[in-house]
There are 2 protein chains.
Amino acid sequence: MKEKSISKAVIKRLPKYYRYLGDLLEFAVERISSKELSEQMKVTSSQIRQDLNNFGGFGQQGYGYNVRYLHDEIGKILGLNKIHNMVIIGAGNLGQALANYISFERSGFRTVGLFDVNPVLQDVTVRGIPIRMLDELQEFIKENKVEIATLTLPKSKAKEVAKLLLEYGIRALWNFAHTDLNLFLPRDVVVENVHLSESLMQLSYNLNSYEEKHKIKK
Amino acid sequence: MKEKSISKAVIKRLPKYYRYLGDLLEFAVERISSKELSEQMKVTSSQIRQDLNNFGGFGQQGYGYNVRYLHDEIGKILGLNKIHNMVIIGAGNLGQALANYISFERSGFRTVGLFDVNPVLQDVTVRGIPIRMLDELQEFIKENKVEIATLTLPKSKAKEVAKLLLEYGIRALWNFAHTDLNLFLPRDVVVENVHLSESLMQLSYNLNSYEEKHKIKK
């Protein structure tokens with residue numbers, strides 16, 4: 001399947017389609033109309049059709065979508081039909097928690113290495129993965145065909161380590177540090193920022209507005 | 001300051017302004033023009049002015065923005081001038097990692113309780129917080145004026161626990177379970193979904209497209 005230039009908004013919705021279709025498969029649903037899917041996902045059916053048309057359709061008039069086929073095709077578009085080797089840089093609480101997350105492995109994201117600069121952590125293992133020191137990183141990336149680096153380290157270290165990773169051949173960064181790494185890196189580096197604090201602040205904003213609207217005093 | 005109805009996109013950008021302004025404060029920057037801020041944040045200065053006009057401006061012609069004032073005012077809009085008590089439901093790896101995250105506390109989000117259903121975890125403490133069993137939750141929420149519940153539990157349990165939390169008076173959910181909780185709950189419940197796997201899938205999609213564009217064979 002040849003891909004055109006796809007908008008960010010569509011790309012953002014693809015994992016959601018994948019998740020909903022996965023849920024349907026768990027309930028042994030074999031086919032679904034865009035209308036039914038739209039009711040479950042609370043998006044319009046015309047949006048679903050438009051989104052999927054970016055990748056050449058998939059639906060059949062009068063039949064709807066074959067759930068298994070659509071699920072697997074979207075999986076391929078998302079690159080989930082391949083194994084992606086991943087290292088985590090920063091083996092603090094968040095780094096260790098992510099290393100322990102088995103559900104990423106089920107989607108093909110395999111944590112093969114865990115790195116830190118704190119010598120106290122050297123050779124501590126998390127789910128069987130030993131924590132290594134940063135000076136082993138370059139060799140490790142080459143030997144283990146690592147594609148993705150997850151950054152769970154302080155903002156002050158993130159830029160420097162990101163540049164190191166690029167030198168070592170990494171093109172994809174999953175960034176949890178409190179900084180927009182993409183602004184400092186070449187455009188062809190793929191960065192996905194996860195700012196947990198900011199999501200919490202949005203929650204707090206919405207809670208605030210709710211309370212103001214309903215004149216809740218505390 | 002009276003708030004109008006503000007678009008989701010603006011609300012999403014507020015924590016980012018807050019973060020950039022916080023960084024400027026660390027470097028003792030006292031004032032900044034929308035042009036300089038726009039260069040750092042890589043958004044247009046007209047967007048900055050428009051966004052902040054939603055809350056009544058803040059800028060002064062020819063002077064720019066007072067960094068400390070703007071930072072603190074945005075903090076107030078986000079509700080960061082108050083302490084928000086938070087419980088975490090699901091004391092697995094992710095739940096424990098979030099409980100250990102001190103930077104949330106710095107923004108006023110205080111984890112006061114950690115809950116699970118697994119009796120093995122009972123009375124294990126994380127950063128001094130004992131893990132409690134779910135049957136203590138109702139009493140605990142009342143006694144500790146809990147406002148926010150973080151859900152780090154399997155999708156299969158999330159809906160049920162969310163409904164319980166609403167009964168107990170919680171109006172704000174920070175949801176890490178792989179399901180869009182807001183679709184099952186009353187509209188006045190504030191939900192912020194964090195789907196880590198989906199962010200990883202977007203990264204993988206972008207990496208895939210990059211490799212296709214550059215014809216990288218593996």
# chains A, B, ... in the order shown; residues from 1 in each chain; ligands from 1
$ interface_residues --of "chain A" --to "chain B" --cutoff "7 Å" --atoms "only C-alpha atoms" --output "PyMOL selection string"
chain A and resi 11-12+15+77-79+93-94+97+100+104+172+190-192+197-199+201-208
$ write_last_selection --atoms "C-alpha atoms" --output "PDB file, in the first residue's frame"
ATOM      1  CA  ILE A  11      -2.091   9.537  12.294  1.00  0.00           C
ATOM      2  CA  LYS A  12      -3.186  10.323  15.816  1.00  0.00           C
ATOM      3  CA  PRO A  15      -3.886   3.826  17.039  1.00  0.00           C
ATOM      4  CA  ILE A  77       0.460   0.970   8.532  1.00  0.00           C
ATOM      5  CA  LEU A  78       1.550   1.649  12.122  1.00  0.00           C
ATOM      6  CA  GLY A  79       4.540  -0.653  11.696  1.00  0.00           C
ATOM      7  CA  ASN A  93      11.091   5.059  38.551  1.00  0.00           C
ATOM      8  CA  LEU A  94       9.503   5.905  35.248  1.00  0.00           C
ATOM      9  CA  ALA A  97       8.071   1.129  35.120  1.00  0.00           C
ATOM     10  CA  ASN A 100       8.205  -3.562  33.174  1.00  0.00           C
ATOM     11  CA  PHE A 104       4.354  -2.682  24.744  1.00  0.00           C
ATOM     12  CA  ALA A 172      13.257   7.769  16.789  1.00  0.00           C
ATOM     13  CA  VAL A 190      11.157  11.329  14.708  1.00  0.00           C
ATOM     14  CA  VAL A 191      10.197  12.543  18.186  1.00  0.00           C
ATOM     15  CA  GLU A 192       7.110  11.795  20.233  1.00  0.00           C
ATOM     16  CA  SER A 197       2.653  16.970  33.934  1.00  0.00           C
ATOM     17  CA  GLU A 198       0.942  18.868  31.149  1.00  0.00           C
ATOM     18  CA  SER A 199      -1.795  16.310  30.868  1.00  0.00           C
ATOM     19  CA  MET A 201      -2.486  20.430  34.279  1.00  0.00           C
ATOM     20  CA  GLN A 202      -5.177  20.149  31.616  1.00  0.00           C
ATOM     21  CA  LEU A 203      -7.135  17.939  33.975  1.00  0.00           C
ATOM     22  CA  SER A 204      -6.737  20.514  36.706  1.00  0.00           C
ATOM     23  CA  TYR A 205      -7.846  23.325  34.369  1.00  0.00           C
ATOM     24  CA  ASN A 206     -10.973  21.412  33.403  1.00  0.00           C
ATOM     25  CA  LEU A 207     -11.752  20.552  37.003  1.00  0.00           C
ATOM     26  CA  ASN A 208     -11.373  24.221  37.898  1.00  0.00           C
TER      27      ASN A 208
END
$ select_by_dssp --residues "segment 35-204 of chain B" --states "helix (DSSP H, G or I)" --output "JSON, numbers by chain"
{"B": [35, 36, 37, 38, 39, 40, 41, 45, 46, 47, 48, 49, 50, 51, 52, 53, 67, 68, 69, 70, 71, 72, 73, 74, 75, 76, 77, 93, 94, 95, 96, 97, 98, 99, 100, 102, 103, 104, 105, 106, 119, 120, 121, 134, 135, 136, 137, 138, 139, 140, 141, 142, 143, 155, 156, 157, 158, 159, 160, 161, 162, 163, 164, 165, 166, 167, 181, 182, 183, 184, 196, 197, 198, 199, 200, 201, 202, 203, 204]}
$ calpha_fit_and_write --fixed "chain B" --moving "chain A" --output "mmCIF file with C-alpha atoms, in the first residue's frame"
data_model
loop_
_atom_site.group_PDB
_atom_site.id
_atom_site.type_symbol
_atom_site.label_atom_id
_atom_site.label_comp_id
_atom_site.auth_asym_id
_atom_site.auth_seq_id
_atom_site.Cartn_x
_atom_site.Cartn_y
_atom_site.Cartn_z
ATOM 1 C CA MET A 1 -10.341 36.849 35.911
ATOM 2 C CA LYS A 2 -13.527 35.697 34.240
ATOM 3 C CA GLU A 3 -13.144 32.857 31.810
ATOM 4 C CA LYS A 4 -15.096 32.529 28.572
ATOM 5 C CA SER A 5 -15.521 29.223 26.831
ATOM 6 C CA ILE A 6 -11.992 28.371 25.762
ATOM 7 C CA SER A 7 -11.150 25.956 22.957
ATOM 8 C CA LYS A 8 -9.480 22.640 23.759
ATOM 9 C CA ALA A 9 -6.500 23.540 21.596
ATOM 10 C CA VAL A 10 -5.809 26.636 23.677
ATOM 11 C CA ILE A 11 -6.129 24.685 26.925
ATOM 12 C CA LYS A 12 -3.657 22.186 25.559
ATOM 13 C CA ARG A 13 -1.136 24.934 24.899
ATOM 14 C CA LEU A 14 -1.431 26.597 28.313
ATOM 15 C CA PRO A 15 0.761 24.052 30.164
ATOM 16 C CA LYS A 16 3.350 24.535 27.451
ATOM 17 C CA TYR A 17 3.386 28.301 27.989
ATOM 18 C CA TYR A 18 3.679 27.629 31.687
ATOM 19 C CA ARG A 19 6.656 25.335 31.143
ATOM 20 C CA TYR A 20 8.486 27.731 28.820
ATOM 21 C CA LEU A 21 7.915 30.645 31.181
ATOM 22 C CA GLY A 22 9.180 28.480 34.052
ATOM 23 C CA ASP A 23 12.346 27.780 32.064
ATOM 24 C CA LEU A 24 12.813 31.509 31.456
ATOM 25 C CA LEU A 25 12.442 32.185 35.182
ATOM 26 C CA GLU A 26 15.189 29.656 35.863
ATOM 27 C CA PHE A 27 17.437 31.775 33.648
ATOM 28 C CA ALA A 28 16.301 34.924 35.477
ATOM 29 C CA VAL A 29 14.628 36.387 32.381
ATOM 30 C CA GLU A 30 12.271 39.135 33.565
ATOM 31 C CA ARG A 31 10.425 40.093 30.421
ATOM 32 C CA ILE A 32 9.918 38.784 26.938
ATOM 33 C CA SER A 33 8.196 39.961 23.766
ATOM 34 C CA SER A 34 5.670 37.732 22.032
ATOM 35 C CA LYS A 35 8.156 37.644 19.138
ATOM 36 C CA GLU A 36 10.961 36.205 21.299
ATOM 37 C CA LEU A 37 8.610 33.778 23.005
ATOM 38 C CA SER A 38 7.289 32.680 19.622
ATOM 39 C CA GLU A 39 10.819 31.968 18.379
ATOM 40 C CA GLN A 40 11.564 29.782 21.368
ATOM 41 C CA MET A 41 8.281 27.907 21.297
ATOM 42 C CA LYS A 42 8.109 27.696 17.510
ATOM 43 C CA VAL A 43 4.575 29.039 17.338
ATOM 44 C CA THR A 44 3.592 32.317 15.682
ATOM 45 C CA SER A 45 3.522 35.429 17.839
ATOM 46 C CA SER A 46 -0.006 36.149 16.667
ATOM 47 C CA GLN A 47 -1.039 32.770 18.058
ATOM 48 C CA ILE A 48 0.526 33.616 21.406
ATOM 49 C CA ARG A 49 -1.319 36.940 21.496
ATOM 50 C CA GLN A 50 -4.594 35.313 20.495
ATOM 51 C CA ASP A 51 -4.224 32.528 23.059
ATOM 52 C CA LEU A 52 -3.483 34.909 25.892
ATOM 53 C CA ASN A 53 -6.251 37.293 24.835
ATOM 54 C CA ASN A 54 -8.680 34.541 25.801
ATOM 55 C CA PHE A 55 -7.740 35.316 29.358
ATOM 56 C CA GLY A 56 -7.644 39.074 29.014
ATOM 57 C CA GLY A 57 -4.230 39.700 27.530
ATOM 58 C CA PHE A 58 -1.309 40.281 29.966
ATOM 59 C CA GLY A 59 1.025 41.958 27.469
ATOM 60 C CA GLN A 60 1.879 45.643 27.336
ATOM 61 C CA GLN A 61 2.540 47.404 24.051
ATOM 62 C CA GLY A 62 6.263 48.085 23.733
ATOM 63 C CA TYR A 63 7.150 46.186 26.885
ATOM 64 C CA GLY A 64 6.156 42.610 26.153
ATOM 65 C CA TYR A 65 5.261 40.189 28.904
ATOM 66 C CA ASN A 66 6.405 40.235 32.489
ATOM 67 C CA VAL A 67 7.615 36.647 32.751
ATOM 68 C CA ARG A 68 6.939 36.124 36.460
ATOM 69 C CA TYR A 69 3.486 37.680 36.269
ATOM 70 C CA LEU A 70 2.465 35.748 33.150
ATOM 71 C CA HIS A 71 3.828 32.485 34.585
ATOM 72 C CA ASP A 72 1.895 32.921 37.808
ATOM 73 C CA GLU A 73 -1.327 34.012 36.102
ATOM 74 C CA ILE A 74 -1.268 31.010 33.761
ATOM 75 C CA GLY A 75 -0.548 28.874 36.815
ATOM 76 C CA LYS A 76 -3.716 30.251 38.417
ATOM 77 C CA ILE A 77 -5.756 29.602 35.276
ATOM 78 C CA LEU A 78 -4.500 26.003 35.359
ATOM 79 C CA GLY A 79 -5.417 25.721 39.032
ATOM 80 C CA LEU A 80 -1.791 25.280 40.079
ATOM 81 C CA ASN A 81 -2.099 27.797 42.895
ATOM 82 C CA LYS A 82 -4.043 25.218 44.893
ATOM 83 C CA ILE A 83 -3.113 21.828 46.282
ATOM 84 C CA HIS A 84 -4.973 18.961 44.573
ATOM 85 C CA ASN A 85 -5.123 15.735 46.540
ATOM 86 C CA MET A 86 -4.857 12.685 44.356
ATOM 87 C CA VAL A 87 -5.209 8.919 44.793
ATOM 88 C CA ILE A 88 -3.728 6.321 42.489
ATOM 89 C CA ILE A 89 -5.831 3.228 41.838
ATOM 90 C CA GLY A 90 -3.676 0.345 40.725
ATOM 91 C CA ALA A 91 -0.356 0.026 42.524
ATOM 92 C CA GLY A 92 1.487 -1.919 39.836
ATOM 93 C CA ASN A 93 4.630 -0.642 38.154
ATOM 94 C CA LEU A 94 3.094 2.401 36.565
ATOM 95 C CA GLY A 95 1.057 3.322 39.652
ATOM 96 C CA GLN A 96 4.116 3.065 41.860
ATOM 97 C CA ALA A 97 6.248 5.030 39.396
ATOM 98 C CA LEU A 98 3.706 7.848 39.326
ATOM 99 C CA ALA A 99 3.522 7.828 43.135
ATOM 100 C CA ASN A 100 7.281 8.263 43.175
ATOM 101 C CA TYR A 101 7.237 11.217 40.799
ATOM 102 C CA ILE A 102 8.017 14.207 42.962
ATOM 103 C CA SER A 103 7.673 16.744 40.158
ATOM 104 C CA PHE A 104 3.876 16.416 40.245
ATOM 105 C CA GLU A 105 3.948 17.529 43.869
ATOM 106 C CA ARG A 106 5.849 20.652 42.910
ATOM 107 C CA SER A 107 2.888 21.669 40.730
ATOM 108 C CA GLY A 108 0.479 21.057 43.586
ATOM 109 C CA PHE A 109 -0.646 17.522 42.701
ATOM 110 C CA ARG A 110 -0.179 15.603 45.915
ATOM 111 C CA THR A 111 -0.501 11.830 45.918
ATOM 112 C CA VAL A 112 -2.086 11.045 49.257
ATOM 113 C CA GLY A 113 -3.189 7.453 48.690
ATOM 114 C CA LEU A 114 -2.358 4.365 46.681
ATOM 115 C CA PHE A 115 -4.914 1.570 46.240
ATOM 116 C CA ASP A 116 -4.981 -1.925 44.844
ATOM 117 C CA VAL A 117 -6.989 -5.130 45.122
ATOM 118 C CA ASN A 118 -3.985 -7.436 45.437
ATOM 119 C CA PRO A 119 -3.619 -8.379 49.133
ATOM 120 C CA VAL A 120 0.091 -9.076 48.599
ATOM 121 C CA LEU A 121 0.575 -5.327 48.201
ATOM 122 C CA GLN A 122 -1.270 -4.393 51.382
ATOM 123 C CA ASP A 123 0.824 -2.057 53.551
ATOM 124 C CA VAL A 124 3.752 -2.029 51.147
ATOM 125 C CA THR A 125 4.779 1.628 51.145
ATOM 126 C CA VAL A 126 5.862 3.790 48.217
ATOM 127 C CA ARG A 127 7.591 7.028 49.173
ATOM 128 C CA GLY A 128 6.059 6.631 52.606
ATOM 129 C CA ILE A 129 2.539 6.073 51.252
ATOM 130 C CA PRO A 130 1.062 2.724 52.276
ATOM 131 C CA ILE A 131 -0.823 0.736 49.638
ATOM 132 C CA ARG A 132 -4.417 0.281 50.823
ATOM 133 C CA MET A 133 -7.133 -2.100 49.715
ATOM 134 C CA LEU A 134 -10.058 -0.828 47.658
ATOM 135 C CA ASP A 135 -12.611 -1.307 50.443
ATOM 136 C CA GLU A 136 -11.028 1.595 52.318
ATOM 137 C CA LEU A 137 -11.380 3.943 49.333
ATOM 138 C CA GLN A 138 -14.707 5.605 50.097
ATOM 139 C CA GLU A 139 -13.763 6.565 53.631
ATOM 140 C CA PHE A 140 -10.307 7.679 52.534
ATOM 141 C CA ILE A 141 -11.591 9.994 49.799
ATOM 142 C CA LYS A 142 -13.902 11.741 52.222
ATOM 143 C CA GLU A 143 -11.342 12.127 54.990
ATOM 144 C CA ASN A 144 -8.538 13.329 52.733
ATOM 145 C CA LYS A 145 -10.526 15.682 50.479
ATOM 146 C CA VAL A 146 -9.370 13.805 47.382
ATOM 147 C CA GLU A 147 -10.162 15.560 44.088
ATOM 148 C CA ILE A 148 -8.376 13.518 41.428
ATOM 149 C CA ALA A 149 -8.098 9.764 40.890
ATOM 150 C CA THR A 150 -5.351 8.341 38.701
ATOM 151 C CA LEU A 151 -6.293 5.028 37.115
ATOM 152 C CA THR A 152 -3.394 2.697 36.417
ATOM 153 C CA LEU A 153 -5.288 -0.548 36.201
ATOM 154 C CA PRO A 154 -6.299 -3.000 33.487
ATOM 155 C CA LYS A 155 -8.907 -1.889 30.978
ATOM 156 C CA SER A 156 -11.247 -4.639 32.203
ATOM 157 C CA LYS A 157 -11.453 -3.030 35.665
ATOM 158 C CA ALA A 158 -11.334 0.627 34.683
ATOM 159 C CA LYS A 159 -15.028 1.314 33.955
ATOM 160 C CA GLU A 160 -16.244 -0.370 37.107
ATOM 161 C CA VAL A 161 -13.751 1.474 39.327
ATOM 162 C CA ALA A 162 -14.487 4.766 37.578
ATOM 163 C CA LYS A 163 -18.179 4.426 38.389
ATOM 164 C CA LEU A 164 -17.320 3.643 41.992
ATOM 165 C CA LEU A 165 -15.143 6.756 42.150
ATOM 166 C CA LEU A 166 -18.000 8.908 40.871
ATOM 167 C CA GLU A 167 -20.258 7.521 43.575
ATOM 168 C CA TYR A 168 -17.624 8.484 46.105
ATOM 169 C CA GLY A 169 -17.651 12.058 44.809
ATOM 170 C CA ILE A 170 -14.596 12.193 42.517
ATOM 171 C CA ARG A 171 -15.084 14.458 39.457
ATOM 172 C CA ALA A 172 -11.648 14.208 37.820
ATOM 173 C CA LEU A 173 -9.981 11.097 36.424
ATOM 174 C CA TRP A 174 -6.470 10.811 35.063
ATOM 175 C CA ASN A 175 -6.806 7.624 33.080
ATOM 176 C CA PHE A 176 -3.943 5.393 31.941
ATOM 177 C CA ALA A 177 -6.126 2.336 31.241
ATOM 178 C CA HIS A 178 -6.427 1.432 27.543
ATOM 179 C CA THR A 179 -9.947 2.664 27.142
ATOM 180 C CA ASP A 180 -11.586 6.034 26.496
ATOM 181 C CA LEU A 181 -13.294 6.349 29.858
ATOM 182 C CA ASN A 182 -15.042 9.611 29.015
ATOM 183 C CA LEU A 183 -17.269 7.738 26.549
ATOM 184 C CA PHE A 184 -18.864 5.765 29.401
ATOM 185 C CA LEU A 185 -19.211 8.481 32.002
ATOM 186 C CA PRO A 186 -21.503 11.487 32.488
ATOM 187 C CA ARG A 187 -20.360 14.551 30.565
ATOM 188 C CA ASP A 188 -19.604 16.560 33.667
ATOM 189 C CA VAL A 189 -16.852 14.172 34.736
ATOM 190 C CA VAL A 190 -13.462 15.522 33.771
ATOM 191 C CA VAL A 191 -11.310 12.829 32.155
ATOM 192 C CA GLU A 192 -7.803 13.055 30.766
ATOM 193 C CA ASN A 193 -6.755 9.882 28.950
ATOM 194 C CA VAL A 194 -3.055 9.056 28.639
ATOM 195 C CA HIS A 195 -2.594 6.257 26.125
ATOM 196 C CA LEU A 196 1.108 5.454 26.225
ATOM 197 C CA SER A 197 0.880 2.630 23.675
ATOM 198 C CA GLU A 198 -0.781 4.932 21.179
ATOM 199 C CA SER A 199 1.958 7.486 21.467
ATOM 200 C CA LEU A 200 4.473 4.698 20.812
ATOM 201 C CA MET A 201 2.460 3.606 17.755
ATOM 202 C CA GLN A 202 2.548 7.129 16.342
ATOM 203 C CA LEU A 203 6.299 7.106 16.795
ATOM 204 C CA SER A 204 6.490 3.801 14.982
ATOM 205 C CA TYR A 205 4.295 5.106 12.142
ATOM 206 C CA ASN A 206 6.518 8.143 11.696
ATOM 207 C CA LEU A 207 9.668 6.052 11.810
ATOM 208 C CA ASN A 208 8.177 3.771 9.167
ATOM 209 C CA SER A 209 7.309 6.655 6.849
ATOM 210 C CA TYR A 210 10.772 8.115 7.334
ATOM 211 C CA GLU A 211 12.379 4.834 6.361
ATOM 212 C CA GLU A 212 10.138 4.444 3.328
ATOM 213 C CA LYS A 213 10.856 7.964 2.178
ATOM 214 C CA HIS A 214 14.580 7.413 2.500
ATOM 215 C CA LYS A 215 14.418 3.864 1.166
ATOM 216 C CA ILE A 216 16.192 2.457 4.168
ATOM 217 C CA LYS A 217 16.291 -1.285 3.973
ATOM 218 C CA LYS A 218 16.826 -3.451 7.005
#
$ select_by_dssp --residues "chain A" --states "strand (DSSP E or B)" --output "NGL selection string"
:A and (31-32 or 60 or 64-66 or 84-89 or 109-116 or 125-126 or 129-133 or 148-151 or 172-175 or 190-193)
